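A.B. asks: Let me give you the structure first, and then I'll get to my questions.
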Amino acid sequence: MSADDGQDVPRTSLVLRDRMGSGGQGDVYPVEGAGDLLFKEYKNPHTVDQAALSVLPAFRQSLAAADLARLDAVAAWPLCRVTDGGRAVGFLMRRAPDRLTWQAPSGRTKLLELQHALHPPKAGTRTVPQPSPEQRRALAAACADAVDWFHAAGMVIGDISHANILWSLSPEPSVHFLDCDGFRRVGGAAVQAQADTPDWGDPLTPPSQACVDSDAYKTALAVVRILTQDPYVTPGATLRLVPGCLNDRQEDAVRSLFQQATGPRGTRPKPAEWRNALSDRGTIQLRATTPRQRPTVDTSVLDGVRNRKPIPLRGR
Amino acid sequence: MQLLPFYLVCDESGSMAAGGVDAINGALPDLHDEISSNPAVADKARFAMIGFSTDATLLQPLVDLSEIDSLPSLSAGGVTSFAAAFRLLKSTIQTDVDQLKAEGHSVFRPVVFFMSDGGPTDTDADWRGALKELNESRYAPKIIAFGISTADVATITEVANFKAFIQESDNISPAAALREFASSLTRSIVNSTTSISANGGEGFDLQVDDHVPGFTSLSLDKM
Ligand SMILES: Nc1ncnc2c1ncn2[C@@H]1O[C@H](COP(=O)(O)OP(=O)(O)OP(=O)(O)O)[C@@H](O)[C@H]1O
Ligand SMILES: [Mg+2]
């Protein structure tokens, strides 16, 4: 399978393994005998804008080697369309590498989604790797830098959310975008009508008009939510940064950009401004964060006369 | 926070002994794993479990699944009192919703996934009366009912007020059907809470499969 050249691949040439994921718009399958290639098959191929989908593999083909490597590092980009009877029914992409996964307490491997960096750990997420304060700063910077890179390349992201960005701390803090068929050329059409993820909408831009400015607003959400470990904070709220993640200069800059993000369309801080605000390593006083203690729920229940053994949920 | 409470209401009468309770008990860790590892879902969903036979028992009080390490199991025995299940459901929902509101949450209408593998052993007047009281209560839930094995189409249809499913006994074993039931519940929790925002005043779409493998979807357009 040569998905790398960007040429359409016929659906009939693919042998699929068991479905590994499903979303609102498509089902995702590993392709038999094709290494880490995945096929995302649209649930409603007739709503797919064929030309808009062609733009995405073509964009990748247009990149010079260094940029192409960069794209593949930061995104599960559509490599080529998959066609059936001359119409695109999906596309091939690469599986997110293992460094972007975590092992749940059940023992199962899961994608390390942005949400796992935003929600303080609880019993069900206690095995999520916890970024140090310095790594939080670096993750936020990596996020802003990736959005800036796409904007510089003429692409709008659209649905920046807690589920569409994966992250890793090794070898260094980095991010990786999923659901990349939601991307489009600046001013261009989306492959399919896109919704915003709840809690990730720009109040001033309907999702059908996603643009670099709505991306800028959502970048503010992502950056500040990483730095505060608060999945729901929005511009205008009081900023409670994780202690020790920013030096004084960075903190002043972040506070001022966060304030600026409450402004009208066109005035939100650009992703590059976030990156610059977070860039200077300087001297940072590192302090260990203690994960917030959650109440332990008493799971003993009234059993009447029967012997109700608890079902072990862990370490299976 | 805007919350959506789910109640799993399971028949654990004697007829569920032959692999039935084992199938549900075996499926619950998957449900727990799926929800508890997904903080955006767990934050907005709450889960409780009621088992019913001669009596009804609140096996798992309403909880954020990401905060617990074990779930109680079903254990078969006794007859099948729908009335006991509906009465306990009504009082539990009332207490739970009042409690969540007192804690400052907004609460969406609760969702019940009801499963029985037979018919009620109460008198018709008794279970129908209890169901009517549940449906007329302040926080009347949306009920999705699943019939397994010898469950009767008319009864399951009557219990449901949102969707109803009956096992296709020729195509699937009761145990496999129960696993599909549990997967359908898991999908409903994930897909429904994914459309809920933390605080915004907007509503949400209750997502329940139209088709569950091994089941026939029943029409609720009753006369
Ligand atoms: N490159 C990938 N590597 C690993 N898993 C993936 C990859 N792409 C998708 N998946 C899995 O498949 C699921 C569905 O994919 P995706 O989010 O692209 O579909 P969608 O229909 O667009 O979903 P949404 O409802 O978020 O729009 C993901 O949640 C994820 O679990
Ligand atoms: Mg997605």
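FYI, nothing fancy with the structure tokens labels: chains A, B, ... in order, residues from 1 per chain, ligands from 1 as they appear.
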If the limit is 8 Å from any atom of ligand 2, counting only C-alpha atoms and all ligand atoms, which residues qualify? Return them as a ChimeraX atom specification.
C.D. replies: /A:23-24,163-164,178-179
A.B. asks: Mind dumping the selected residues with N, CA, C and O atoms as a PDB file, in the first residue's frame?
C.D. replies:
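Generated file (part.pdb):
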ATOM      1  N   GLY A  23     -16.834   7.817  15.611  1.00  0.00           N
ATOM      2  CA  GLY A  23     -17.193   9.162  16.025  1.00  0.00           C
ATOM      3  C   GLY A  23     -18.502   9.541  15.376  1.00  0.00           C
ATOM      4  O   GLY A  23     -19.191   8.693  14.813  1.00  0.00           O
ATOM      5  N   GLY A  24     -18.824  10.833  15.430  1.00  0.00           N
ATOM      6  CA  GLY A  24     -20.068  11.293  14.858  1.00  0.00           C
ATOM      7  C   GLY A  24     -20.103  11.116  13.349  1.00  0.00           C
ATOM      8  O   GLY A  24     -21.154  10.858  12.762  1.00  0.00           O
ATOM      9  N   ALA A 163     -10.648  16.385  22.851  1.00  0.00           N
ATOM     10  CA  ALA A 163     -10.533  15.027  22.311  1.00  0.00           C
ATOM     11  C   ALA A 163      -9.719  14.983  21.024  1.00  0.00           C
ATOM     12  O   ALA A 163      -9.206  13.929  20.650  1.00  0.00           O
ATOM     13  N   ASN A 164      -9.598  16.103  20.336  1.00  0.00           N
ATOM     14  CA  ASN A 164      -8.943  16.088  19.022  1.00  0.00           C
ATOM     15  C   ASN A 164      -7.452  16.387  19.090  1.00  0.00           C
ATOM     16  O   ASN A 164      -6.774  16.376  18.066  1.00  0.00           O
ATOM     17  N   LEU A 178      -5.759  14.929  15.971  1.00  0.00           N
ATOM     18  CA  LEU A 178      -6.597  13.885  15.354  1.00  0.00           C
ATOM     19  C   LEU A 178      -7.746  14.553  14.604  1.00  0.00           C
ATOM     20  O   LEU A 178      -7.952  15.752  14.722  1.00  0.00           O
ATOM     21  N   ASP A 179      -8.548  13.741  13.902  1.00  0.00           N
ATOM     22  CA  ASP A 179      -9.759  14.259  13.267  1.00  0.00           C
ATOM     23  C   ASP A 179      -9.407  15.364  12.270  1.00  0.00           C
ATOM     24  O   ASP A 179     -10.108  16.364  12.150  1.00  0.00           O
TER      25      ASP A 179
END
A.B. asks: Neighbours of Ser37 in chain B within 8 Å (only C-alpha atoms; same-chain residues fewer than 5 positions away dropped), as a PDB file with all heavy atoms, in the first residue's frame?
C.D. replies:
ATOM      1  N   ALA A 104      -4.836   2.655  31.140  1.00  0.00           N
ATOM      2  CA  ALA A 104      -5.872   2.888  32.152  1.00  0.00           C
ATOM      3  C   ALA A 104      -5.677   1.886  33.298  1.00  0.00           C
ATOM      4  O   ALA A 104      -5.018   0.863  33.119  1.00  0.00           O
ATOM      5  CB  ALA A 104      -7.247   2.725  31.526  1.00  0.00           C
ATOM      6  N   GLY A 124     -10.231   6.773  38.272  1.00  0.00           N
ATOM      7  CA  GLY A 124     -10.244   6.205  36.925  1.00  0.00           C
ATOM      8  C   GLY A 124      -9.145   6.734  36.022  1.00  0.00           C
ATOM      9  O   GLY A 124      -8.909   6.196  34.946  1.00  0.00           O
ATOM     10  N   THR A 125      -8.478   7.812  36.436  1.00  0.00           N
ATOM     11  CA  THR A 125      -7.437   8.422  35.596  1.00  0.00           C
ATOM     12  C   THR A 125      -6.132   8.565  36.374  1.00  0.00           C
ATOM     13  O   THR A 125      -5.265   9.336  35.994  1.00  0.00           O
ATOM     14  CB  THR A 125      -7.877   9.808  35.085  1.00  0.00           C
ATOM     15  OG1 THR A 125      -8.409  10.563  36.191  1.00  0.00           O
ATOM     16  CG2 THR A 125      -8.947   9.690  34.018  1.00  0.00           C
TER      17      THR A 125
ATOM     18  N   ALA B  42     -17.288  11.459  32.275  1.00  0.00           N
ATOM     19  CA  ALA B  42     -17.544  11.132  33.682  1.00  0.00           C
ATOM     20  C   ALA B  42     -18.021  12.359  34.461  1.00  0.00           C
ATOM     21  O   ALA B  42     -18.867  12.248  35.350  1.00  0.00           O
ATOM     22  CB  ALA B  42     -16.283  10.549  34.326  1.00  0.00           C
ATOM     23  N   SER B  66     -15.847   7.737  37.712  1.00  0.00           N
ATOM     24  CA  SER B  66     -14.388   7.875  37.755  1.00  0.00           C
ATOM     25  C   SER B  66     -13.884   7.909  39.190  1.00  0.00           C
ATOM     26  O   SER B  66     -12.687   7.935  39.422  1.00  0.00           O
ATOM     27  CB  SER B  66     -13.946   9.125  36.999  1.00  0.00           C
ATOM     28  OG  SER B  66     -14.372  10.276  37.674  1.00  0.00           O
TER      29      SER B  66
END
A.B. asks: Rounded to one decimal in Å, what is the spacing between CA of Pro105 in chain A and CA of Pro129 in chain A?
C.D. replies: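 CA of Pro105 in chain A sits 12.2 Å away from CA of Pro129 in chain A.
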A.B. asks: Could you list, as a PyMOL selection string, every residue within 7 Å of range 97-107 of chain B, counting only C-alpha atoms and ignoring same-chain residues fewer than 6 positions away?
C.D. replies: chain B and resi 1-4
A.B. asks: Hey, could you make a per-residue contact list for chain A against ligand 1 with 10 Å as the cut-off, showing the nearest pair of atoms and its distance in Å to one decimal, counting only C-alpha atoms and all ligand atoms, sorted by chain and number, as a tab-separated table?
C.D. replies:
residue	atom	partner	partner_atom_place_in_ligand_line	distance
A:Arg19	CA	ligand 1	12 (O)	8.6
A:Met20	CA	ligand 1	12 (O)	6.3
A:Gly21	CA	ligand 1	12 (O)	3.5
A:Ser22	CA	ligand 1	14 (C)	4.2
A:Gly23	CA	ligand 1	21 (O)	3.2
A:Gly24	CA	ligand 1	25 (O)	3.5
A:Gln25	CA	ligand 1	21 (O)	3.3
A:Gly26	CA	ligand 1	21 (O)	3.8
A:Asp27	CA	ligand 1	14 (C)	6.1
A:Val28	CA	ligand 1	12 (O)	5.1
A:Tyr29	CA	ligand 1	12 (O)	8.1
A:Pro30	CA	ligand 1	4 (C)	9.1
A:Asp36	CA	ligand 1	3 (N)	8.7
A:Leu37	CA	ligand 1	1 (N)	8.4
A:Leu38	CA	ligand 1	1 (N)	6.8
A:Phe39	CA	ligand 1	8 (N)	8.6
A:Lys40	CA	ligand 1	18 (O)	7.0
A:Glu41	CA	ligand 1	21 (O)	8.7
A:Tyr42	CA	ligand 1	21 (O)	7.5
A:Lys43	CA	ligand 1	21 (O)	8.1
A:Ala75	CA	ligand 1	1 (N)	8.0
A:Ala76	CA	ligand 1	1 (N)	4.8
A:Trp77	CA	ligand 1	1 (N)	7.9
A:Pro78	CA	ligand 1	1 (N)	9.2
A:Leu92	CA	ligand 1	1 (N)	9.1
A:Met93	CA	ligand 1	1 (N)	6.0
A:Arg94	CA	ligand 1	1 (N)	5.2
A:Arg95	CA	ligand 1	3 (N)	3.6
A:Ala96	CA	ligand 1	3 (N)	3.9
A:Pro97	CA	ligand 1	3 (N)	7.5
A:Asp98	CA	ligand 1	4 (C)	9.4
A:Leu100	CA	ligand 1	4 (C)	9.1
A:Thr101	CA	ligand 1	4 (C)	9.2
A:Lys110	CA	ligand 1	31 (O)	8.2
A:Leu111	CA	ligand 1	31 (O)	7.0
A:Glu113	CA	ligand 1	29 (O)	9.4
A:Asp159	CA	ligand 1	27 (O)	8.5
A:Ser161	CA	ligand 1	26 (O)	9.1
A:Ala163	CA	ligand 1	29 (O)	7.1
A:Asn164	CA	ligand 1	17 (O)	6.7
A:Leu166	CA	ligand 1	3 (N)	9.6
A:His176	CA	ligand 1	1 (N)	9.3
A:Phe177	CA	ligand 1	1 (N)	8.4
A:Leu178	CA	ligand 1	8 (N)	5.6
A:Asp179	CA	ligand 1	18 (O)	3.7
A:Cys180	CA	ligand 1	18 (O)	7.0
A:Asp181	CA	ligand 1	22 (O)	7.5
A:Gly182	CA	ligand 1	22 (O)	7.5
A:Gln192	CA	ligand 1	22 (O)	9.6
A:Gln194	CA	ligand 1	27 (O)	7.6
A:Ala195	CA	ligand 1	27 (O)	7.8
A:Asp196	CA	ligand 1	27 (O)	9.0
A:Thr197	CA	ligand 1	26 (O)	8.0
A.B. asks: Residues as selected, C-alpha atoms, written as an mmCIF file, in the first residue's frame, can you do that?
C.D. replies:
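File produced: out-v4.cif:
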data_model
loop_
_atom_site.group_PDB
_atom_site.id
_atom_site.type_symbol
_atom_site.label_atom_id
_atom_site.label_comp_id
_atom_site.auth_asym_id
_atom_site.auth_seq_id
_atom_site.Cartn_x
_atom_site.Cartn_y
_atom_site.Cartn_z
ATOM 1 C CA ARG A 19 -13.209 -1.337 13.996
ATOM 2 C CA MET A 20 -11.068 0.523 16.534
ATOM 3 C CA GLY A 21 -12.930 3.801 16.888
ATOM 4 C CA SER A 22 -16.127 5.533 15.985
ATOM 5 C CA GLY A 23 -17.193 9.162 16.025
ATOM 6 C CA GLY A 24 -20.068 11.293 14.858
ATOM 7 C CA GLN A 25 -18.922 11.248 11.241
ATOM 8 C CA GLY A 26 -16.924 8.112 10.692
ATOM 9 C CA ASP A 27 -15.668 4.698 11.719
ATOM 10 C CA VAL A 28 -11.945 3.995 11.976
ATOM 11 C CA TYR A 29 -10.371 0.636 11.012
ATOM 12 C CA PRO A 30 -6.797 -0.680 10.856
ATOM 13 C CA ASP A 36 0.112 1.555 11.084
ATOM 14 C CA LEU A 37 -2.309 2.735 8.385
ATOM 15 C CA LEU A 38 -5.906 3.410 9.430
ATOM 16 C CA PHE A 39 -8.982 3.881 7.250
ATOM 17 C CA LYS A 40 -11.590 6.409 8.337
ATOM 18 C CA GLU A 41 -14.804 5.511 6.537
ATOM 19 C CA TYR A 42 -17.535 8.131 6.410
ATOM 20 C CA LYS A 43 -20.952 7.203 7.707
ATOM 21 C CA ALA A 75 -1.072 15.334 12.976
ATOM 22 C CA ALA A 76 -2.740 12.113 11.854
ATOM 23 C CA TRP A 77 -3.048 13.796 8.465
ATOM 24 C CA PRO A 78 -5.168 12.374 5.615
ATOM 25 C CA LEU A 92 -6.083 6.744 5.057
ATOM 26 C CA MET A 93 -4.060 8.132 7.949
ATOM 27 C CA ARG A 94 -1.454 6.857 10.376
ATOM 28 C CA ARG A 95 -2.272 5.485 13.803
ATOM 29 C CA ALA A 96 -1.229 7.782 16.641
ATOM 30 C CA PRO A 97 2.144 6.455 17.908
ATOM 31 C CA ASP A 98 2.380 4.712 21.301
ATOM 32 C CA LEU A 100 0.503 9.354 22.692
ATOM 33 C CA THR A 101 -1.204 6.656 24.777
ATOM 34 C CA LYS A 110 -6.084 4.518 25.626
ATOM 35 C CA LEU A 111 -5.314 7.644 23.674
ATOM 36 C CA GLU A 113 -6.214 13.142 24.970
ATOM 37 C CA ASP A 159 -12.665 21.940 16.056
ATOM 38 C CA SER A 161 -10.987 20.357 21.529
ATOM 39 C CA ALA A 163 -10.533 15.027 22.311
ATOM 40 C CA ASN A 164 -8.943 16.088 19.022
ATOM 41 C CA LEU A 166 -3.276 14.136 21.836
ATOM 42 C CA HIS A 176 -0.623 15.556 17.894
ATOM 43 C CA PHE A 177 -3.890 16.443 16.166
ATOM 44 C CA LEU A 178 -6.597 13.885 15.354
ATOM 45 C CA ASP A 179 -9.759 14.259 13.267
ATOM 46 C CA CYS A 180 -7.744 16.230 10.689
ATOM 47 C CA ASP A 181 -10.378 15.949 7.967
ATOM 48 C CA GLY A 182 -12.011 18.821 9.869
ATOM 49 C CA GLN A 192 -18.354 18.009 5.944
ATOM 50 C CA GLN A 194 -18.462 20.602 11.378
ATOM 51 C CA ALA A 195 -19.867 21.126 14.863
ATOM 52 C CA ASP A 196 -17.952 22.597 17.788
ATOM 53 C CA THR A 197 -17.241 20.351 20.751
#
A.B. asks: Using only C-alpha atoms for the distances, tell me which of B:Lys132, B:Lys142, B:Arg187, B:Arg179 is nearest to chain A.
C.D. replies: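 So, comparing all the options, the nearest one is B:Arg187.
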